[in-house]
$ cat final-v2.txt   # compact mmCIF, N, CA and C atoms
# COMPACT_ATOMS: atom_id res chain seq x y z
N MET A 1 14.93 -12.62 53.32
CA MET A 1 15.30 -12.45 54.71
C MET A 1 16.80 -12.49 54.91
N TYR A 2 17.56 -12.79 53.85
CA TYR A 2 19.02 -12.83 53.96
C TYR A 2 19.71 -11.66 53.28
N CYS A 3 19.04 -11.01 52.35
CA CYS A 3 19.67 -9.94 51.58
C CYS A 3 19.98 -8.75 52.49
N PRO A 4 21.24 -8.28 52.46
CA PRO A 4 21.59 -7.12 53.29
C PRO A 4 21.10 -5.79 52.73
N GLU A 5 20.65 -5.79 51.48
CA GLU A 5 20.16 -4.57 50.84
C GLU A 5 18.64 -4.52 50.96
N ALA A 6 18.12 -3.53 51.64
CA ALA A 6 16.67 -3.42 51.86
C ALA A 6 15.92 -3.32 50.54
N ASP A 7 14.81 -4.02 50.47
CA ASP A 7 13.91 -3.98 49.31
C ASP A 7 14.57 -4.37 48.00
N CYS A 8 15.53 -5.26 48.04
CA CYS A 8 16.18 -5.73 46.82
C CYS A 8 15.44 -6.94 46.25
N ILE A 9 14.96 -7.81 47.14
CA ILE A 9 14.22 -8.99 46.73
C ILE A 9 12.85 -8.92 47.37
N LYS A 10 11.82 -9.00 46.51
CA LYS A 10 10.45 -8.95 47.04
C LYS A 10 9.62 -10.04 46.38
N LEU A 11 8.58 -10.47 47.08
CA LEU A 11 7.67 -11.47 46.55
C LEU A 11 6.60 -10.79 45.70
N ASN A 12 6.48 -11.23 44.46
CA ASN A 12 5.39 -10.79 43.59
C ASN A 12 4.22 -11.71 43.90
N THR A 13 3.23 -11.22 44.62
CA THR A 13 2.13 -12.07 45.07
C THR A 13 1.21 -12.49 43.93
N GLU A 14 1.23 -11.79 42.81
CA GLU A 14 0.41 -12.21 41.67
C GLU A 14 1.02 -13.42 40.98
N LYS A 15 2.35 -13.42 40.85
CA LYS A 15 3.05 -14.53 40.20
C LYS A 15 3.55 -15.57 41.20
N MET A 16 3.54 -15.20 42.48
CA MET A 16 4.10 -16.03 43.55
C MET A 16 5.56 -16.41 43.25
N LYS A 17 6.31 -15.39 42.83
CA LYS A 17 7.73 -15.53 42.53
C LYS A 17 8.49 -14.37 43.15
N ALA A 18 9.68 -14.65 43.57
CA ALA A 18 10.54 -13.58 44.08
C ALA A 18 11.08 -12.79 42.89
N GLU A 19 11.16 -11.48 43.06
CA GLU A 19 11.73 -10.61 42.03
C GLU A 19 12.88 -9.83 42.63
N VAL A 20 13.95 -9.73 41.86
CA VAL A 20 15.13 -8.98 42.30
C VAL A 20 15.14 -7.65 41.56
N PHE A 21 15.26 -6.57 42.29
CA PHE A 21 15.36 -5.25 41.71
C PHE A 21 16.84 -4.97 41.45
N THR A 22 17.24 -5.18 40.19
CA THR A 22 18.66 -5.15 39.85
C THR A 22 19.33 -3.82 40.13
N HIS A 23 18.58 -2.72 40.10
CA HIS A 23 19.18 -1.41 40.37
C HIS A 23 19.58 -1.28 41.85
N ARG A 24 19.09 -2.15 42.73
CA ARG A 24 19.45 -2.13 44.14
C ARG A 24 20.51 -3.19 44.48
N CYS A 25 20.64 -4.20 43.62
CA CYS A 25 21.54 -5.33 43.88
C CYS A 25 23.00 -4.87 43.87
N LYS A 26 23.75 -5.25 44.88
CA LYS A 26 25.17 -4.90 44.99
C LYS A 26 26.08 -6.06 44.59
N GLY A 27 25.47 -7.20 44.24
CA GLY A 27 26.27 -8.34 43.79
C GLY A 27 27.01 -9.06 44.90
N CYS A 28 26.49 -9.01 46.12
CA CYS A 28 27.20 -9.65 47.24
C CYS A 28 27.16 -11.17 47.16
N ASP A 29 26.22 -11.73 46.37
CA ASP A 29 26.15 -13.17 46.12
C ASP A 29 25.50 -13.97 47.27
N LEU A 30 25.10 -13.30 48.33
CA LEU A 30 24.54 -14.01 49.49
C LEU A 30 23.25 -14.74 49.12
N CYS A 31 22.39 -14.12 48.32
CA CYS A 31 21.12 -14.77 47.94
C CYS A 31 21.38 -16.06 47.18
N ARG A 32 22.37 -16.05 46.29
CA ARG A 32 22.69 -17.25 45.51
C ARG A 32 23.24 -18.35 46.40
N VAL A 33 24.04 -17.98 47.38
CA VAL A 33 24.58 -18.96 48.31
C VAL A 33 23.46 -19.59 49.14
N VAL A 34 22.56 -18.76 49.65
CA VAL A 34 21.45 -19.25 50.47
C VAL A 34 20.53 -20.16 49.67
N CYS A 35 20.31 -19.83 48.40
CA CYS A 35 19.39 -20.60 47.55
C CYS A 35 20.11 -21.64 46.69
N SER A 36 21.35 -21.94 46.99
CA SER A 36 22.15 -22.80 46.11
C SER A 36 21.59 -24.21 45.95
N THR A 37 20.90 -24.74 46.94
CA THR A 37 20.38 -26.10 46.82
C THR A 37 19.26 -26.18 45.79
N HIS A 38 18.64 -25.07 45.47
CA HIS A 38 17.55 -25.06 44.50
C HIS A 38 17.96 -24.47 43.15
N ASN A 39 19.19 -24.01 43.04
CA ASN A 39 19.67 -23.32 41.83
C ASN A 39 18.67 -22.26 41.36
N ALA A 40 18.13 -21.53 42.32
CA ALA A 40 17.07 -20.56 42.04
C ALA A 40 17.62 -19.24 41.50
N ILE A 41 18.86 -18.94 41.77
CA ILE A 41 19.42 -17.65 41.38
C ILE A 41 20.77 -17.86 40.71
N SER A 42 20.97 -17.17 39.60
CA SER A 42 22.28 -17.15 38.98
C SER A 42 22.71 -15.69 38.88
N MET A 43 23.99 -15.45 39.00
CA MET A 43 24.52 -14.09 38.96
C MET A 43 25.25 -13.89 37.64
N HIS A 44 25.00 -12.74 37.02
CA HIS A 44 25.65 -12.41 35.76
C HIS A 44 26.14 -10.98 35.80
N PRO A 45 27.24 -10.70 35.10
CA PRO A 45 27.75 -9.32 35.05
C PRO A 45 26.75 -8.39 34.38
N VAL A 46 26.89 -7.12 34.72
CA VAL A 46 26.04 -6.07 34.15
C VAL A 46 26.95 -5.08 33.43
N ASP A 47 26.57 -4.70 32.23
CA ASP A 47 27.32 -3.69 31.49
C ASP A 47 27.22 -2.38 32.25
N SER A 48 28.33 -1.84 32.67
CA SER A 48 28.33 -0.64 33.50
C SER A 48 27.83 0.60 32.76
N LYS A 49 27.87 0.59 31.44
CA LYS A 49 27.40 1.75 30.67
C LYS A 49 25.90 1.70 30.39
N THR A 50 25.40 0.51 30.05
CA THR A 50 24.00 0.40 29.65
C THR A 50 23.10 -0.20 30.73
N GLY A 51 23.69 -0.92 31.68
CA GLY A 51 22.90 -1.60 32.70
C GLY A 51 22.33 -2.92 32.22
N ALA A 52 22.68 -3.33 31.01
CA ALA A 52 22.17 -4.59 30.46
C ALA A 52 22.82 -5.78 31.14
N ILE A 53 22.01 -6.81 31.39
CA ILE A 53 22.53 -8.05 31.97
C ILE A 53 23.23 -8.82 30.87
N LEU A 54 24.47 -9.24 31.12
CA LEU A 54 25.27 -9.95 30.13
C LEU A 54 25.13 -11.45 30.35
N LEU A 55 24.08 -12.02 29.77
CA LEU A 55 23.79 -13.44 29.99
C LEU A 55 24.82 -14.36 29.37
N ASP A 56 25.54 -13.89 28.33
CA ASP A 56 26.55 -14.73 27.68
C ASP A 56 27.87 -14.74 28.43
N ALA A 57 28.05 -13.83 29.37
CA ALA A 57 29.29 -13.76 30.15
C ALA A 57 29.29 -14.86 31.21
N LYS A 58 30.47 -15.26 31.58
CA LYS A 58 30.60 -16.28 32.61
C LYS A 58 30.38 -15.67 33.99
N GLU A 59 29.80 -16.48 34.87
CA GLU A 59 29.66 -16.02 36.26
C GLU A 59 31.05 -15.74 36.81
N GLY A 60 31.14 -14.70 37.60
CA GLY A 60 32.41 -14.37 38.23
C GLY A 60 33.24 -13.36 37.45
N GLN A 61 32.85 -13.03 36.20
CA GLN A 61 33.57 -12.00 35.46
C GLN A 61 33.28 -10.65 36.09
N ALA A 62 34.18 -9.72 35.90
CA ALA A 62 33.99 -8.38 36.46
C ALA A 62 32.66 -7.83 36.02
N ALA A 63 31.98 -7.16 36.95
CA ALA A 63 30.61 -6.72 36.66
C ALA A 63 30.42 -5.22 36.77
N GLY A 64 31.46 -4.47 36.66
CA GLY A 64 31.29 -3.02 36.77
C GLY A 64 30.81 -2.63 38.14
N LEU A 65 29.61 -2.12 38.25
CA LEU A 65 29.09 -1.65 39.53
C LEU A 65 28.43 -2.75 40.36
N GLY A 66 28.23 -3.90 39.81
CA GLY A 66 27.56 -4.96 40.56
C GLY A 66 27.11 -6.07 39.66
N GLN A 67 26.37 -6.97 40.20
CA GLN A 67 25.86 -8.11 39.46
C GLN A 67 24.37 -8.02 39.40
N ALA A 68 23.77 -8.84 38.63
CA ALA A 68 22.31 -8.82 38.54
C ALA A 68 21.76 -10.23 38.48
N TYR A 69 20.52 -10.32 38.78
CA TYR A 69 19.79 -11.58 38.81
C TYR A 69 19.31 -11.94 37.41
N ALA A 70 19.35 -13.20 37.12
CA ALA A 70 18.71 -13.71 35.91
C ALA A 70 18.27 -15.12 36.22
N GLY A 71 17.07 -15.42 35.96
CA GLY A 71 16.65 -16.81 36.18
C GLY A 71 15.32 -16.96 36.80

$ encode --input "final-v2.txt" --output "structure tokens"
Amino acid sequence: MYCPEADCIKLNTEKMKAEVFTHRCKGCDLCRVVCSTHNAISMHPVDSKTGAILLDAKEGQAAGLGQAYAG
């Protein structure tokens, strides 16, 4: 209900978990701020050539076209 990008975060009713569609994520960080008390979301850079999430990179490093969800 906080994400400014439509259909970026949806509830998977089978798993009862929220899923982030990384191809729609713009890396605005709002979801992480809203969920910060639960540490539910971490943001990681994405390789701009391959689209791979760079889990070994530090949060806040340049992310090419955006950031992605992991966690």

$ closest_residue --input "final-v2.txt" --among "A:Ile41, A:Ala6, A:Asn12, A:Ala52" --to "A:Arg24" --atoms "only C-alpha atoms"
A:Ala6

$ atom_distance --input "final-v2.txt" --atom1 "atom CA of A:Ile9" --atom2 "atom N of A:His38"
16.7 Å

$ atom_distance --input "final-v2.txt" --atom1 "atom CA of A:Phe21" --atom2 "atom CA of A:Thr37"
22.0 Å

$ atom_distance --input "final-v2.txt" --atom1 "atom N of A:Leu30" --atom2 "atom CA of A:Lys49"
23.3 Å

$ closest_residue --input "final-v2.txt" --among "A:Leu11, A:Val46, A:Cys3, A:Ile53" --to "A:Arg32" --atoms "only C-alpha atoms"
A:Cys3

$ residues_near_point --input "final-v2.txt" --point "(12.4, -9.3, 48.7)" --cutoff "7 Å" --atoms "all atoms listed in the file" --output "PyMOL selection string"
chain A and resi 1+7-11+18-20
